[in-house]
file data-v5.txt (compact mmCIF, C-alpha atoms and all ligand atoms)
# COMPACT_ATOMS: atom_id res chain seq x y z
CA MET A 1 46.45 19.59 23.67
CA LYS A 2 47.09 17.17 26.51
CA LYS A 3 46.10 13.60 25.75
CA GLU A 4 42.86 12.67 27.46
CA HIS A 5 43.24 10.44 30.49
CA GLY A 6 42.18 6.80 30.39
CA PHE A 7 38.97 5.61 32.07
CA GLU A 8 40.93 4.07 34.97
CA THR A 9 42.52 7.47 35.65
CA LYS A 10 39.30 9.44 35.27
CA VAL A 11 37.45 7.33 37.86
CA ILE A 12 40.07 8.50 40.39
CA HIS A 13 40.86 12.07 39.34
CA GLY A 14 37.92 13.23 37.19
CA GLY A 15 36.13 16.35 38.42
CA TYR A 16 38.47 17.01 41.32
CA ASP A 17 41.73 18.87 41.79
CA SER A 18 43.25 18.83 45.28
CA LYS A 19 44.77 22.28 44.60
CA ASP A 20 41.29 23.77 44.83
CA PHE A 21 40.69 22.26 48.28
CA LEU A 22 43.73 23.00 50.49
CA GLY A 23 45.55 19.95 49.14
CA SER A 24 43.05 17.43 50.46
CA LEU A 25 43.82 14.15 48.62
CA THR A 26 40.22 12.92 48.77
CA THR A 27 37.24 15.13 47.97
CA PRO A 28 36.15 16.94 51.16
CA LEU A 29 32.65 16.29 52.44
CA PHE A 30 30.71 19.57 52.44
CA GLN A 31 28.04 18.51 54.89
CA THR A 32 26.22 21.82 54.86
CA SER A 33 22.71 22.86 53.91
CA THR A 34 23.52 26.45 52.97
CA PHE A 35 26.35 28.83 52.02
CA THR A 36 26.95 32.29 53.45
CA PHE A 37 27.24 35.43 51.33
CA ASP A 38 29.86 38.12 52.00
CA SER A 39 27.25 40.81 51.45
CA ALA A 40 23.63 41.34 50.49
CA GLU A 41 24.82 42.40 47.03
CA GLN A 42 26.72 39.14 46.59
CA GLY A 43 23.55 37.21 47.48
CA GLU A 44 21.67 39.25 44.90
CA MET A 45 24.31 38.53 42.22
CA ARG A 46 24.27 34.80 42.93
CA PHE A 47 20.50 34.54 42.75
CA ALA A 48 20.57 36.54 39.53
CA GLY A 49 23.11 34.08 38.10
CA LYS A 50 25.60 36.92 37.56
CA GLU A 51 28.20 35.47 39.90
CA ASP A 52 29.31 31.84 40.26
CA GLY A 53 29.15 30.38 43.73
CA TYR A 54 27.06 28.23 45.99
CA ILE A 55 23.74 29.31 47.50
CA TYR A 56 21.94 26.35 49.06
CA SER A 57 22.65 22.60 48.82
CA ARG A 58 19.49 21.74 46.87
CA LEU A 59 20.86 24.02 44.14
CA GLY A 60 24.44 22.79 44.30
CA ASN A 61 27.16 21.57 46.66
CA PRO A 62 30.92 21.16 46.01
CA THR A 63 31.07 17.45 46.95
CA VAL A 64 28.07 16.73 44.74
CA LYS A 65 29.56 18.86 41.95
CA ALA A 66 32.76 16.77 41.92
CA LEU A 67 30.64 13.62 41.51
CA GLU A 68 28.56 15.21 38.72
CA ASP A 69 31.67 16.28 36.83
CA ARG A 70 33.26 12.88 37.25
CA ILE A 71 30.29 10.88 35.97
CA ALA A 72 29.98 13.26 33.00
CA GLN A 73 33.62 12.54 32.09
CA LEU A 74 33.13 8.79 32.47
CA GLU A 75 30.04 8.71 30.25
CA GLU A 76 31.72 11.13 27.80
CA GLY A 77 28.88 13.62 28.15
CA GLU A 78 28.81 17.37 28.66
CA ALA A 79 27.31 17.57 32.15
CA GLY A 80 26.10 15.42 35.03
CA LEU A 81 23.48 15.66 37.75
CA ALA A 82 23.12 13.63 40.95
CA PHE A 83 19.90 12.47 42.63
CA GLY A 84 18.80 10.86 45.88
CA SER A 85 17.88 7.62 44.10
CA GLY A 86 17.87 6.05 40.66
CA MET A 87 14.10 6.54 40.54
CA ALA A 88 14.52 10.26 41.30
CA ALA A 89 16.72 10.44 38.17
CA VAL A 90 14.27 8.37 36.08
CA SER A 91 11.27 10.46 37.15
CA ALA A 92 13.09 13.80 36.69
CA VAL A 93 14.02 12.85 33.12
CA LEU A 94 10.61 11.48 32.14
CA ILE A 95 8.80 14.47 33.62
CA ALA A 96 11.22 16.85 31.88
CA LEU A 97 10.75 15.21 28.48
CA THR A 98 6.99 14.67 28.45
CA LYS A 99 3.76 16.61 28.82
CA ALA A 100 0.14 15.47 29.02
CA ASN A 101 -1.04 13.32 26.05
CA ASP A 102 2.50 12.56 24.82
CA HIS A 103 3.72 9.10 23.87
CA ILE A 104 6.79 7.17 25.06
CA LEU A 105 8.41 4.29 23.21
CA CYS A 106 10.02 1.95 25.72
CA SER A 107 12.11 -1.22 25.69
CA ARG A 108 10.12 -4.41 26.21
CA GLY A 109 11.34 -4.77 29.77
CA VAL A 110 12.15 -2.10 32.32
CA TYR A 111 12.92 -1.86 36.00
CA GLY A 112 9.74 -2.60 38.01
CA CYS A 113 9.39 0.91 39.51
CA THR A 114 10.04 2.55 36.14
CA PHE A 115 7.12 0.46 34.86
CA GLY A 116 5.10 1.72 37.86
CA LEU A 117 5.99 5.33 37.02
CA LEU A 118 5.00 4.88 33.35
CA THR A 119 1.66 3.48 34.53
CA MET A 120 1.14 6.51 36.77
CA LEU A 121 1.99 8.91 33.92
CA GLU A 122 -0.62 7.19 31.80
CA GLU A 123 -3.29 7.31 34.50
CA LYS A 124 -2.67 10.92 35.52
CA TYR A 125 -1.57 12.61 32.29
CA ASN A 126 -2.68 10.24 29.52
CA ILE A 127 0.94 9.67 28.51
CA GLN A 128 0.78 6.36 26.62
CA THR A 129 3.72 3.96 26.50
CA ASP A 130 4.35 1.29 23.89
CA PHE A 131 6.79 -1.48 24.72
CA SER A 132 8.95 -3.00 22.00
CA ASP A 133 12.02 -5.19 21.60
CA MET A 134 13.25 -2.68 18.96
CA LYS A 135 14.93 -5.28 16.78
CA THR A 136 14.66 -3.53 13.42
CA ALA A 137 14.48 0.04 12.11
CA GLU A 138 11.08 -0.67 10.50
CA GLN A 139 9.68 -1.96 13.76
CA ILE A 140 10.85 1.18 15.61
CA ARG A 141 9.55 3.52 12.89
CA SER A 142 6.16 1.80 12.92
CA LEU A 143 5.73 2.61 16.62
CA ILE A 144 6.71 6.28 16.46
CA LYS A 145 3.78 8.70 16.60
CA PRO A 146 3.61 12.47 16.12
CA GLU A 147 3.32 12.81 19.91
CA THR A 148 6.28 10.51 20.73
CA SER A 149 8.51 12.69 22.90
CA CYS A 150 11.00 10.17 24.20
CA ILE A 151 12.48 6.72 23.59
CA TYR A 152 13.41 5.03 26.83
CA ILE A 153 15.72 2.00 26.88
CA GLU A 154 17.27 -0.45 29.25
CA THR A 155 19.94 -2.75 27.86
CA PRO A 156 20.61 -5.40 29.03
CA ILE A 157 16.94 -5.65 29.92
CA ASN A 158 16.24 -6.45 33.54
CA PRO A 159 15.98 -9.36 34.27
CA THR A 160 15.87 -11.30 30.98
CA MET A 161 19.18 -9.93 29.61
CA ASP A 162 17.90 -9.23 26.09
CA LEU A 163 19.91 -6.49 24.44
CA ILE A 164 18.90 -3.50 22.37
CA ASP A 165 21.18 -2.15 19.65
CA LEU A 166 21.82 1.42 20.83
CA GLU A 167 23.20 2.59 17.48
CA LEU A 168 20.17 1.27 15.63
CA VAL A 169 17.72 3.02 17.95
CA SER A 170 19.59 6.32 18.04
CA THR A 171 19.91 6.39 14.25
CA VAL A 172 16.15 5.96 13.78
CA ALA A 173 15.37 8.43 16.61
CA LYS A 174 17.48 11.11 14.86
CA GLU A 175 15.24 10.88 11.78
CA TYR A 176 12.41 12.11 13.99
CA ASN A 177 14.44 14.26 16.37
CA ILE A 178 13.31 12.24 19.40
CA PRO A 179 15.67 12.03 22.38
CA VAL A 180 16.87 8.56 23.41
CA VAL A 181 17.27 7.94 27.15
CA VAL A 182 19.25 4.92 28.35
CA ASP A 183 19.19 3.43 31.84
CA ASN A 184 22.80 2.21 31.98
CA THR A 185 22.63 0.78 35.51
CA PHE A 186 23.43 -2.82 34.56
CA CYS A 187 26.65 -1.91 32.74
CA SER A 188 28.05 1.26 34.30
CA PRO A 189 30.12 3.44 31.96
CA TYR A 190 32.99 0.97 32.25
CA LEU A 191 31.13 -1.61 30.14
CA GLN A 192 28.90 0.57 27.96
CA LYS A 193 28.76 4.25 26.97
CA PRO A 194 25.41 4.99 25.31
CA LEU A 195 26.28 8.62 24.49
CA THR A 196 29.10 7.41 22.25
CA LYS A 197 26.48 5.36 20.34
CA GLY A 198 24.41 8.43 19.54
CA CYS A 199 21.99 8.33 22.49
CA ASP A 200 21.12 11.63 24.18
CA VAL A 201 20.68 11.00 27.88
CA VAL A 202 22.09 8.32 30.17
CA LEU A 203 21.01 7.63 33.74
CA HIS A 204 21.98 5.28 36.53
CA SER A 205 20.83 3.82 39.71
CA ALA A 206 24.20 4.60 41.32
CA THR A 207 23.02 2.35 44.15
CA LYS A 208 24.33 -0.57 42.10
CA TYR A 209 27.79 -0.88 40.44
CA ILE A 210 28.76 2.78 40.82
CA GLY A 211 28.48 2.74 44.61
CA GLY A 212 29.35 -0.93 44.54
CA HIS A 213 29.27 -1.64 48.26
CA GLY A 214 25.59 -1.82 49.11
CA ASP A 215 25.69 1.22 51.39
CA VAL A 216 24.07 4.03 49.41
CA VAL A 217 20.91 4.69 47.38
CA ALA A 218 21.48 7.31 44.67
CA GLY A 219 20.96 8.23 41.02
CA LEU A 220 23.02 9.93 38.30
CA LEU A 221 22.18 11.58 35.02
CA VAL A 222 24.41 12.70 32.12
CA GLY A 223 23.56 14.57 28.93
CA LYS A 224 24.01 17.80 27.01
CA GLN A 225 24.75 20.89 29.10
CA GLU A 226 21.49 22.55 28.08
CA PHE A 227 19.31 19.57 28.98
CA ILE A 228 21.06 18.95 32.30
CA GLN A 229 20.71 22.64 33.20
CA GLU A 230 17.01 22.48 32.38
CA VAL A 231 16.49 19.40 34.59
CA ALA A 232 18.58 20.97 37.37
CA MET A 233 16.51 24.13 37.34
CA THR A 234 13.08 22.50 36.98
CA THR A 235 12.37 18.90 37.89
CA GLN A 236 15.35 18.61 40.23
CA LYS A 237 15.21 21.98 41.99
CA ASP A 238 11.44 22.11 42.35
CA ILE A 239 10.63 18.44 42.92
CA GLY A 240 13.75 18.15 45.03
CA GLY A 241 15.08 14.60 44.71
CA ILE A 242 18.65 15.64 45.48
CA ILE A 243 21.51 13.50 46.78
CA SER A 244 23.00 14.12 50.23
CA PRO A 245 26.64 15.31 50.24
CA PHE A 246 27.65 12.24 52.25
CA ASP A 247 26.14 9.87 49.68
CA ALA A 248 27.93 11.78 46.92
CA TRP A 249 31.14 11.35 48.89
CA LEU A 250 30.54 7.59 49.13
CA LEU A 251 29.97 7.38 45.38
CA LEU A 252 33.18 9.30 44.64
CA ARG A 253 34.95 6.69 46.74
CA GLY A 254 33.13 3.76 45.12
CA LEU A 255 33.85 5.00 41.61
CA LYS A 256 37.61 4.84 42.14
CA THR A 257 37.55 1.03 42.05
CA LEU A 258 34.81 0.60 39.43
CA PRO A 259 37.02 -0.87 36.66
CA VAL A 260 38.83 -3.22 39.04
CA ARG A 261 35.59 -4.41 40.61
CA LEU A 262 33.77 -4.85 37.32
CA ASP A 263 36.56 -6.88 35.77
CA ARG A 264 36.21 -9.33 38.67
CA HIS A 265 32.38 -9.30 38.61
CA CYS A 266 32.53 -10.17 34.90
CA GLN A 267 35.17 -12.89 35.29
CA ASN A 268 33.26 -14.51 38.14
CA ALA A 269 30.00 -14.38 36.17
CA GLU A 270 31.60 -16.11 33.17
CA LYS A 271 32.79 -18.96 35.37
CA ILE A 272 29.40 -19.36 37.03
CA VAL A 273 27.54 -19.32 33.68
CA ALA A 274 29.67 -22.18 32.36
CA TYR A 275 28.79 -24.36 35.36
CA LEU A 276 25.13 -23.33 35.54
CA LYS A 277 24.57 -24.34 31.92
CA ASP A 278 25.72 -27.86 32.75
CA HIS A 279 23.57 -28.39 35.83
CA SER A 280 20.60 -30.70 35.40
CA ALA A 281 18.28 -28.56 37.57
CA VAL A 282 18.78 -25.54 35.29
CA ASP A 283 16.64 -25.10 32.23
CA LYS A 284 17.94 -21.90 30.60
CA VAL A 285 20.68 -19.41 31.35
CA TYR A 286 20.51 -15.79 30.22
CA PHE A 287 23.83 -13.95 30.09
CA PRO A 288 24.85 -11.26 27.56
CA GLY A 289 28.43 -12.55 27.40
CA ASP A 290 27.41 -16.06 26.40
CA ALA A 291 28.31 -16.77 22.76
CA THR A 292 25.09 -18.77 22.27
CA ASN A 293 22.97 -15.77 23.34
CA PRO A 294 20.90 -14.56 20.34
CA ASP A 295 22.00 -10.98 21.07
CA TYR A 296 25.69 -11.82 21.30
CA ASP A 297 26.64 -9.71 18.28
CA ILE A 298 24.94 -6.67 19.84
CA MET A 299 26.90 -7.30 23.02
CA LYS A 300 30.14 -7.36 21.00
CA LYS A 301 29.22 -4.03 19.38
CA GLN A 302 28.42 -2.05 22.48
CA MET A 303 29.61 -3.77 25.66
CA LYS A 304 33.18 -4.23 26.81
CA GLN A 305 32.34 -7.46 28.67
CA GLY A 306 29.24 -9.49 29.52
CA GLY A 307 28.54 -7.94 32.93
CA GLY A 308 28.03 -9.42 36.36
CA LEU A 309 24.36 -10.39 36.18
CA ILE A 310 22.98 -13.78 35.26
CA SER A 311 19.36 -14.85 35.06
CA PHE A 312 18.41 -18.49 34.88
CA GLU A 313 15.33 -20.63 34.78
CA ILE A 314 15.06 -23.61 37.06
CA LYS A 315 13.20 -26.70 35.96
CA GLY A 316 9.86 -26.38 37.74
CA GLY A 317 8.05 -23.29 38.93
CA LYS A 318 7.78 -20.81 41.75
CA GLU A 319 8.17 -23.45 44.49
CA GLU A 320 11.42 -24.75 43.03
CA ALA A 321 12.77 -21.21 42.59
CA GLN A 322 11.93 -20.28 46.17
CA TYR A 323 13.29 -23.58 47.44
CA ILE A 324 16.66 -22.85 45.84
CA LEU A 325 16.87 -19.40 47.40
CA ASN A 326 16.15 -20.94 50.79
CA GLN A 327 18.91 -23.57 50.46
CA LEU A 328 21.73 -21.09 49.87
CA ARG A 329 24.18 -20.70 52.72
CA PHE A 330 26.24 -17.56 52.14
CA ILE A 331 24.69 -16.18 48.96
CA LYS A 332 22.13 -13.66 50.20
CA THR A 333 18.55 -13.38 49.05
CA ALA A 334 18.10 -9.68 48.36
CA VAL A 335 17.12 -7.29 45.60
CA SER A 336 19.67 -4.73 44.37
CA LEU A 337 22.79 -5.72 42.46
CA GLY A 338 26.37 -4.78 41.79
CA ASP A 339 27.49 -5.21 45.38
CA THR A 340 30.57 -7.01 46.65
CA GLU A 341 28.25 -9.72 48.02
CA THR A 342 26.59 -12.20 45.66
CA LEU A 343 22.83 -11.54 45.74
CA ILE A 344 19.97 -13.61 44.39
CA GLN A 345 16.31 -12.69 43.94
CA HIS A 346 13.07 -13.95 42.40
CA PRO A 347 11.84 -11.24 39.97
CA ALA A 348 8.23 -12.50 39.62
CA THR A 349 7.57 -12.10 43.35
CA MET A 350 10.11 -9.38 44.14
CA THR A 351 11.44 -6.69 41.73
CA HIS A 352 8.69 -7.22 39.15
CA SER A 353 5.77 -8.09 41.41
CA VAL A 354 4.17 -4.70 40.58
CA VAL A 355 3.96 -5.69 36.90
CA PRO A 356 0.63 -7.37 36.06
CA GLU A 357 1.06 -11.13 35.48
CA GLU A 358 0.08 -10.99 31.81
CA THR A 359 2.60 -8.20 31.06
CA ARG A 360 5.21 -10.00 33.14
CA ARG A 361 4.88 -13.08 30.95
CA ARG A 362 5.23 -10.96 27.83
CA MET A 363 8.39 -9.51 29.35
CA GLY A 364 9.70 -13.08 29.72
CA ILE A 365 9.61 -13.05 33.51
CA THR A 366 8.49 -16.56 34.36
CA ASP A 367 7.91 -18.00 37.83
CA GLN A 368 10.99 -20.20 37.49
CA LEU A 369 13.33 -17.31 36.66
CA VAL A 370 15.86 -16.20 39.25
CA ARG A 371 18.41 -13.40 38.96
CA LEU A 372 21.89 -13.61 40.34
CA SER A 373 24.16 -10.61 40.91
CA VAL A 374 27.59 -12.20 41.02
CA GLY A 375 29.74 -10.68 43.76
CA LEU A 376 33.45 -10.43 44.34
CA GLU A 377 33.87 -13.56 46.47
CA ALA A 378 35.99 -16.50 45.23
CA TRP A 379 34.03 -17.88 42.27
CA GLU A 380 34.63 -21.43 43.52
CA ASP A 381 32.74 -20.56 46.72
CA ILE A 382 29.89 -18.94 44.82
CA TRP A 383 29.54 -22.00 42.60
CA GLU A 384 29.79 -24.42 45.52
CA ASP A 385 26.89 -22.67 47.27
CA LEU A 386 24.77 -22.58 44.12
CA LYS A 387 25.55 -26.19 43.28
CA TYR A 388 24.55 -27.28 46.77
CA ALA A 389 21.15 -25.57 46.39
CA LEU A 390 20.62 -26.87 42.85
CA ASP A 391 21.56 -30.43 43.87
CA GLN A 392 19.00 -30.21 46.67
CA VAL A 393 16.18 -29.21 44.36
CA THR A 394 16.98 -32.08 42.01
CA SER A 395 16.54 -34.59 44.80
CA ALA A 396 13.83 -32.78 46.79
CA ASN A 397 10.22 -33.79 46.50
CA ILE A 398 8.61 -30.40 46.53
CA GLN A 399 4.97 -30.29 47.58
CA LYS A 400 2.85 -28.67 44.89
C1 LIG A 501 17.73 -0.23 40.94
C2 LIG A 501 17.38 0.23 39.60
C3 LIG A 501 16.69 1.41 39.38
C4 LIG A 501 16.16 2.27 40.52
O1 LIG A 501 17.19 2.80 41.28
P1 LIG A 501 17.08 3.17 42.85
O2 LIG A 501 18.44 3.67 43.15
O3 LIG A 501 16.70 1.93 43.58
O4 LIG A 501 16.02 4.21 42.96
C5 LIG A 501 16.46 1.81 38.08
N1 LIG A 501 16.86 1.07 37.03
C6 LIG A 501 17.51 -0.09 37.19
C7 LIG A 501 17.93 -0.88 36.01
C8 LIG A 501 17.80 -0.55 38.48
O5 LIG A 501 18.45 -1.72 38.63

call {"tool": "encode", "arguments": {"input": "data-v5.txt", "output": "structure tokens"}}
result
Amino acid sequence: MKKEHGFETKVIHGGYDSKDFLGSLTTPLFQTSTFTFDSAEQGEMRFAGKEDGYIYSRLGNPTVKALEDRIAQLEEGEAGLAFGSGMAAVSAVLIALTKANDHILCSRGVYGCTFGLLTMLEEKYNIQTDFSDMKTAEQIRSLIKPETSCIYIETPINPTMDLIDLELVSTVAKEYNIPVVVDNTFCSPYLQKPLTKGCDVVLHSATKYIGGHGDVVAGLLVGKQEFIQEVAMTTQKDIGGIISPFDAWLLLRGLKTLPVRLDRHCQNAEKIVAYLKDHSAVDKVYFPGDATNPDYDIMKKQMKQGGGLISFEIKGGKEEAQYILNQLRFIKTAVSLGDTETLIQHPATMTHSVVPEETRRRMGITDQLVRLSVGLEAWEDIWEDLKYALDQVTSANIQK
């Protein structure tokens, strides 16, 4: 058998063969809502599933299919599915895996809107969620109930950068036959492949590192063929959160440079962390790739590098955090992450403002915490801008 291609080759060639598309080097954009049948009988066969072929773009589209096949190869899963946003992927998976009165075991921190969705599932369908840092097998076992139908994880956890040991969780989950879902947005498959650690389903906000250029909102899902088919035919087809062919085309383009971009994101982040830790205005720095991080051995086990995201606490509170954001000159204040531009945000008042204050504190999201998505600019420039803002806050007399 032919040796399997390396990751750097699969991001470029996976899921697409130019021979199938008149020799077009890049994947053609099938910007069409529907597909014509040669005859009424052919239409009947396609709807009956007795003949392969496209019907209507909510059910499948060749540009989207190339993306789905490529992400499945990159995550080393059987099949992929694309969505119009990361949240469309999150909601399709959670709705597919749960029914009224079920229970979900979730990592201590999750993306703000995922938290909002879990709250809605509880209010509408009495689906209870327990949050845990999942540090030991005993702790995980003690939280599993007969009605637990899914374990849902983010690692690194947004925005505090705690890690969860994927192998530990998937081993315990197998004892109970409970599927483990991982939101792999912060790493992308280049840095972490949860399916290879025994997890069952992996999803992404492709808006972030996978697109990589801040120009598309999209989601991706990878898992076993049977599960993906079920989601495609139920929560995706009937709820309808599909991706547009053009956005799929942009993601196919973005993916080609994923390893090259991420190497630079990670290198830049390491440089910035070293300087941040030494600045007198900074209290704590949270970065998975930092050897003093309590979860460093988990990072070594499951991540290729430390990633491009850094959270840090400023000495002071909300005013100081906001003051720093306002002093920056080219670093942009914006949510989202994984773009070429360095972005900074204040989780307590932005991405996690929907989380009640008490829960937010338990999640470790203090008022003085800021999150930095390190971009691809010269690291010296990124540091110079940050240092300028941090120096200002040290000398400023902020009105409380
Ligand atoms: C952005 C994000 C999401 C939601 O994705 P959208 O594409 O904005 O819908 C989910 N999880 C994580 C970790 C994210 O960063």

call {"tool": "residues_near_ligand", "arguments": {"input": "data-v5.txt", "ligand": "ligand LIG 501 (chain A)", "cutoff": "7 Å", "atoms": "only C-alpha atoms and all ligand atoms", "output": "JSON, numbers by chain"}}
result
{"A": [85, 86, 87, 88, 110, 111, 113, 114, 154, 158, 183, 185, 186, 204, 205, 206, 207, 208, 217, 218, 219, 336]}

call {"tool": "residues_around", "arguments": {"input": "data-v5.txt", "residues": "A:Cys187", "least_positions_apart": "6", "cutoff": "12 Å", "atoms": "only C-alpha atoms", "output": "ChimeraX atom specification"}}
result
/A:75,154-158,161,163,193-194,202-206,208-210,258-259,262-263,265-266,288,299,302-309,337-338

call {"tool": "write_last_selection", "arguments": {"input": "data-v5.txt", "atoms": "C-alpha atoms", "output": "PDB file, in the frame of the given file"}}
result
ATOM      1  CA  GLU A  75      30.040   8.710  30.250  1.00  0.00           C
ATOM      2  CA  GLU A 154      17.270  -0.450  29.250  1.00  0.00           C
ATOM      3  CA  THR A 155      19.940  -2.750  27.860  1.00  0.00           C
ATOM      4  CA  PRO A 156      20.610  -5.400  29.030  1.00  0.00           C
ATOM      5  CA  ILE A 157      16.940  -5.650  29.920  1.00  0.00           C
ATOM      6  CA  ASN A 158      16.240  -6.450  33.540  1.00  0.00           C
ATOM      7  CA  MET A 161      19.180  -9.930  29.610  1.00  0.00           C
ATOM      8  CA  LEU A 163      19.910  -6.490  24.440  1.00  0.00           C
ATOM      9  CA  LYS A 193      28.760   4.250  26.970  1.00  0.00           C
ATOM     10  CA  PRO A 194      25.410   4.990  25.310  1.00  0.00           C
ATOM     11  CA  VAL A 202      22.090   8.320  30.170  1.00  0.00           C
ATOM     12  CA  LEU A 203      21.010   7.630  33.740  1.00  0.00           C
ATOM     13  CA  HIS A 204      21.980   5.280  36.530  1.00  0.00           C
ATOM     14  CA  SER A 205      20.830   3.820  39.710  1.00  0.00           C
ATOM     15  CA  ALA A 206      24.200   4.600  41.320  1.00  0.00           C
ATOM     16  CA  LYS A 208      24.330  -0.570  42.100  1.00  0.00           C
ATOM     17  CA  TYR A 209      27.790  -0.880  40.440  1.00  0.00           C
ATOM     18  CA  ILE A 210      28.760   2.780  40.820  1.00  0.00           C
ATOM     19  CA  LEU A 258      34.810   0.600  39.430  1.00  0.00           C
ATOM     20  CA  PRO A 259      37.020  -0.870  36.660  1.00  0.00           C
ATOM     21  CA  LEU A 262      33.770  -4.850  37.320  1.00  0.00           C
ATOM     22  CA  ASP A 263      36.560  -6.880  35.770  1.00  0.00           C
ATOM     23  CA  HIS A 265      32.380  -9.300  38.610  1.00  0.00           C
ATOM     24  CA  CYS A 266      32.530 -10.170  34.900  1.00  0.00           C
ATOM     25  CA  PRO A 288      24.850 -11.260  27.560  1.00  0.00           C
ATOM     26  CA  MET A 299      26.900  -7.300  23.020  1.00  0.00           C
ATOM     27  CA  GLN A 302      28.420  -2.050  22.480  1.00  0.00           C
ATOM     28  CA  MET A 303      29.610  -3.770  25.660  1.00  0.00           C
ATOM     29  CA  LYS A 304      33.180  -4.230  26.810  1.00  0.00           C
ATOM     30  CA  GLN A 305      32.340  -7.460  28.670  1.00  0.00           C
ATOM     31  CA  GLY A 306      29.240  -9.490  29.520  1.00  0.00           C
ATOM     32  CA  GLY A 307      28.540  -7.940  32.930  1.00  0.00           C
ATOM     33  CA  GLY A 308      28.030  -9.420  36.360  1.00  0.00           C
ATOM     34  CA  LEU A 309      24.360 -10.390  36.180  1.00  0.00           C
ATOM     35  CA  LEU A 337      22.790  -5.720  42.460  1.00  0.00           C
ATOM     36  CA  GLY A 338      26.370  -4.780  41.790  1.00  0.00           C
TER      37      GLY A 338
END

call {"tool": "residues_around", "arguments": {"input": "data-v5.txt", "residues": "A:Pro146", "least_positions_apart": "3", "cutoff": "10 Å", "atoms": "all atoms listed in the file", "output": "compact mmCIF listing (two decimals) with C-alpha atoms, in the frame of the given file"}}
result
# COMPACT_ATOMS: atom_id res chain seq x y z
CA ASP A 102 2.50 12.56 24.82
CA HIS A 103 3.72 9.10 23.87
CA SER A 149 8.51 12.69 22.90
CA TYR A 176 12.41 12.11 13.99

call {"tool": "residues_around", "arguments": {"input": "data-v5.txt", "residues": "A:Val335", "least_positions_apart": "6", "cutoff": "12 Å", "atoms": "all atoms listed in the file", "output": "short mmCIF file (atom, residue, chain, number, x, y, z; two decimals) with C-alpha atoms, in the frame of the given file"}}
result
data_model
loop_
_atom_site.label_atom_id
_atom_site.label_comp_id
_atom_site.auth_asym_id
_atom_site.auth_seq_id
_atom_site.Cartn_x
_atom_site.Cartn_y
_atom_site.Cartn_z
CA TYR A 111 12.92 -1.86 36.00
CA GLY A 112 9.74 -2.60 38.01
CA PRO A 159 15.98 -9.36 34.27
CA THR A 207 23.02 2.35 44.15
CA LYS A 208 24.33 -0.57 42.10
CA GLY A 214 25.59 -1.82 49.11
CA GLU A 341 28.25 -9.72 48.02
CA THR A 342 26.59 -12.20 45.66
CA LEU A 343 22.83 -11.54 45.74
CA ILE A 344 19.97 -13.61 44.39
CA GLN A 345 16.31 -12.69 43.94
CA HIS A 346 13.07 -13.95 42.40
CA PRO A 347 11.84 -11.24 39.97
CA ALA A 348 8.23 -12.50 39.62
CA THR A 349 7.57 -12.10 43.35
CA MET A 350 10.11 -9.38 44.14
CA THR A 351 11.44 -6.69 41.73
CA HIS A 352 8.69 -7.22 39.15
CA VAL A 370 15.86 -16.20 39.25
CA ARG A 371 18.41 -13.40 38.96
CA LEU A 372 21.89 -13.61 40.34
CA SER A 373 24.16 -10.61 40.91
#

call {"tool": "residues_near_point", "arguments": {"input": "data-v5.txt", "point": "(19.1, -23.1, 49.3)", "cutoff": "10 Å", "atoms": "only C-alpha atoms", "output": "number ranges by chain"}}
result
A: 321-333, 385-393

call {"tool": "residues_around", "arguments": {"input": "data-v5.txt", "residues": "A:Trp249", "least_positions_apart": "4", "cutoff": "9 Å", "atoms": "only C-alpha atoms", "output": "compact mmCIF listing (two decimals) with C-alpha atoms, in the coordinates of the input"}}
result
# COMPACT_ATOMS: atom_id res chain seq x y z
CA THR A 27 37.24 15.13 47.97
CA PRO A 28 36.15 16.94 51.16
CA LEU A 29 32.65 16.29 52.44
CA PHE A 30 30.71 19.57 52.44
CA THR A 63 31.07 17.45 46.95
CA VAL A 64 28.07 16.73 44.74
CA ALA A 66 32.76 16.77 41.92
CA LEU A 67 30.64 13.62 41.51
CA SER A 244 23.00 14.12 50.23
CA PRO A 245 26.64 15.31 50.24
CA ARG A 253 34.95 6.69 46.74
CA GLY A 254 33.13 3.76 45.12

call {"tool": "atom_distance", "arguments": {"input": "data-v5.txt", "atom1": "atom CA of A:Arg108", "atom2": "atom CA of A:Val231"}}
result
26.0 Å

call {"tool": "atom_distance", "arguments": {"input": "data-v5.txt", "atom1": "atom CA of A:Leu25", "atom2": "atom CA of A:Leu255"}}
result
15.2 Å
